[in-house]
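**Q** My questions will all concern the structure given below.
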Amino acid sequence: MTEYTVVRVYTSEKARYEGKELAPAIEAYIRSLKIAARCVVMRGSSGCYENGETATTRIVELSL
């Protein structure tokens with residue numbers, strides 16, 4: 001059986017690497033290594049930051 005190492009990256013949706021979103025940048029980096037590796041990047045749909053601010057992808061409805 002092949003052994004794998006799991007690497008978890010926790011970040012915000014605003015994080016960028018060389019101008020690109022972080023998730024695609026991680027995928028591109030793993031692909032560039034040209035090794036037999038699997039890469040799955042999952043982004044959370046909601047959560048909160050250390051300061052208590054809510055992070056979510058839900059649409060906010062505002063009445064004008």
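Ordered as shown in the structure tokens, chains take letters A, B, and onward, while each chain numbers its residues from 1 and ligands are numbered from 1 in the order shown.
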I'd like the neighbourhood of Glu3 in chain A as a list of chain:residue names, where a residue qualifies if any of its atoms comes within 12 Å (using only C-alpha atoms), though same-chain residues fewer than 4 positions away should be ignored.

**A** A:Ala36, A:Ala37, A:Arg38

**Q** DSSP on the backbone, then: every residue of range 2-57 of chain A marked alpha helix (DSSP H), written as a list of chain:residue names.

**A**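 Result set for range 2-57 of chain A (alpha helix (DSSP H)): A:Leu22, A:Ala23, A:Pro24, A:Ala25, A:Ile26, A:Glu27, A:Ala28, A:Tyr29, A:Ile30, A:Arg31, A:Ser32.
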
**Q** Please produce a file of the residues just selected, as a JSON list (two decimals), in the first residue's frame, where the atoms kept are all heavy atoms.

**A**
[["chain", "number", "residue", "atom", "x", "y", "z"],
["A", 22, "LEU", "N", -5.21, 31.54, -4.04],
["A", 22, "LEU", "CA", -4.30, 30.57, -3.46],
["A", 22, "LEU", "C", -4.60, 29.13, -3.87],
["A", 22, "LEU", "O", -3.68, 28.37, -4.18],
["A", 22, "LEU", "CB", -4.31, 30.68, -1.93],
["A", 22, "LEU", "CG", -3.22, 29.89, -1.22],
["A", 22, "LEU", "CD1", -1.84, 30.33, -1.68],
["A", 22, "LEU", "CD2", -3.34, 30.06, 0.28],
["A", 23, "ALA", "N", -5.87, 28.73, -3.93],
["A", 23, "ALA", "CA", -6.20, 27.34, -4.27],
["A", 23, "ALA", "C", -5.65, 26.93, -5.64],
["A", 23, "ALA", "O", -4.96, 25.90, -5.74],
["A", 23, "ALA", "CB", -7.71, 27.11, -4.18],
["A", 24, "PRO", "N", -5.91, 27.68, -6.71],
["A", 24, "PRO", "CA", -5.32, 27.30, -8.00],
["A", 24, "PRO", "C", -3.80, 27.37, -8.01],
["A", 24, "PRO", "O", -3.14, 26.61, -8.71],
["A", 24, "PRO", "CB", -5.91, 28.31, -8.99],
["A", 24, "PRO", "CG", -7.10, 28.88, -8.33],
["A", 24, "PRO", "CD", -6.85, 28.79, -6.85],
["A", 25, "ALA", "N", -3.23, 28.29, -7.23],
["A", 25, "ALA", "CA", -1.77, 28.40, -7.15],
["A", 25, "ALA", "C", -1.17, 27.14, -6.52],
["A", 25, "ALA", "O", -0.13, 26.66, -6.96],
["A", 25, "ALA", "CB", -1.37, 29.64, -6.37],
["A", 26, "ILE", "N", -1.83, 26.60, -5.51],
["A", 26, "ILE", "CA", -1.36, 25.36, -4.87],
["A", 26, "ILE", "C", -1.42, 24.21, -5.87],
["A", 26, "ILE", "O", -0.47, 23.43, -6.00],
["A", 26, "ILE", "CB", -2.17, 25.04, -3.61],
["A", 26, "ILE", "CG1", -1.90, 26.08, -2.52],
["A", 26, "ILE", "CG2", -1.88, 23.63, -3.11],
["A", 26, "ILE", "CD1", -2.82, 25.98, -1.32],
["A", 27, "GLU", "N", -2.53, 24.11, -6.59],
["A", 27, "GLU", "CA", -2.67, 23.05, -7.60],
["A", 27, "GLU", "C", -1.57, 23.16, -8.66],
["A", 27, "GLU", "O", -0.96, 22.16, -9.03],
["A", 27, "GLU", "CB", -4.03, 23.14, -8.28],
["A", 27, "GLU", "CG", -5.18, 22.82, -7.37],
["A", 27, "GLU", "CD", -6.51, 23.06, -8.05],
["A", 27, "GLU", "OE1", -6.59, 22.95, -9.30],
["A", 27, "GLU", "OE2", -7.47, 23.37, -7.33],
["A", 28, "ALA", "N", -1.31, 24.37, -9.14],
["A", 28, "ALA", "CA", -0.28, 24.57, -10.16],
["A", 28, "ALA", "C", 1.10, 24.20, -9.63],
["A", 28, "ALA", "O", 1.91, 23.60, -10.35],
["A", 28, "ALA", "CB", -0.29, 26.03, -10.62],
["A", 29, "TYR", "N", 1.36, 24.53, -8.36],
["A", 29, "TYR", "CA", 2.66, 24.19, -7.78],
["A", 29, "TYR", "C", 2.86, 22.67, -7.70],
["A", 29, "TYR", "O", 3.90, 22.16, -8.11],
["A", 29, "TYR", "CB", 2.80, 24.80, -6.38],
["A", 29, "TYR", "CG", 4.04, 24.33, -5.67],
["A", 29, "TYR", "CD1", 5.29, 24.79, -6.07],
["A", 29, "TYR", "CD2", 3.97, 23.40, -4.65],
["A", 29, "TYR", "CE1", 6.45, 24.33, -5.45],
["A", 29, "TYR", "CE2", 5.11, 22.95, -4.01],
["A", 29, "TYR", "CZ", 6.35, 23.41, -4.42],
["A", 29, "TYR", "OH", 7.49, 22.95, -3.81],
["A", 30, "ILE", "N", 1.85, 21.96, -7.22],
["A", 30, "ILE", "CA", 1.95, 20.50, -7.12],
["A", 30, "ILE", "C", 2.14, 19.89, -8.51],
["A", 30, "ILE", "O", 2.95, 18.99, -8.71],
["A", 30, "ILE", "CB", 0.71, 19.90, -6.42],
["A", 30, "ILE", "CG1", 0.60, 20.42, -4.98],
["A", 30, "ILE", "CG2", 0.74, 18.38, -6.46],
["A", 30, "ILE", "CD1", 1.75, 20.06, -4.07],
["A", 31, "ARG", "N", 1.37, 20.40, -9.48],
["A", 31, "ARG", "CA", 1.49, 19.91, -10.87],
["A", 31, "ARG", "C", 2.90, 20.16, -11.41],
["A", 31, "ARG", "O", 3.46, 19.32, -12.12],
["A", 31, "ARG", "CB", 0.46, 20.60, -11.74],
["A", 31, "ARG", "CG", 0.18, 19.89, -13.03],
["A", 31, "ARG", "CD", -0.93, 20.54, -13.85],
["A", 31, "ARG", "NE", -2.18, 20.68, -13.11],
["A", 31, "ARG", "CZ", -2.71, 21.86, -12.75],
["A", 31, "ARG", "NH1", -2.12, 23.00, -13.07],
["A", 31, "ARG", "NH2", -3.84, 21.92, -12.08],
["A", 32, "SER", "N", 3.50, 21.30, -11.05],
["A", 32, "SER", "CA", 4.82, 21.65, -11.57],
["A", 32, "SER", "C", 5.93, 20.75, -11.02],
["A", 32, "SER", "O", 7.00, 20.67, -11.61],
["A", 32, "SER", "CB", 5.15, 23.11, -11.26],
["A", 32, "SER", "OG", 5.48, 23.27, -9.87]]

**Q** Of the candidates A:Gly47, A:Ile35, A:Gly52, A:Val41, which one gets nearest to Val7 in chain A if we count only C-alpha atoms?

**A**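 Between A:Gly47, A:Ile35, A:Gly52, A:Val41, the residue approaching Val7 in chain A most closely is A:Val41.
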
**Q** How many Å separate CA of Lys14 in chain A from CA of Lys34 in chain A?

**A**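 According to the coordinates, CA of Lys14 in chain A and CA of Lys34 in chain A are separated by 27.8 Å.
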
**Q** In Å, with one decimal, what is the gap from CA of Cys39 in chain A to CA of Ala55 in chain A?

**A**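 Value for the CA of Cys39 in chain A-CA of Ala55 in chain A distance: 24.5 Å.
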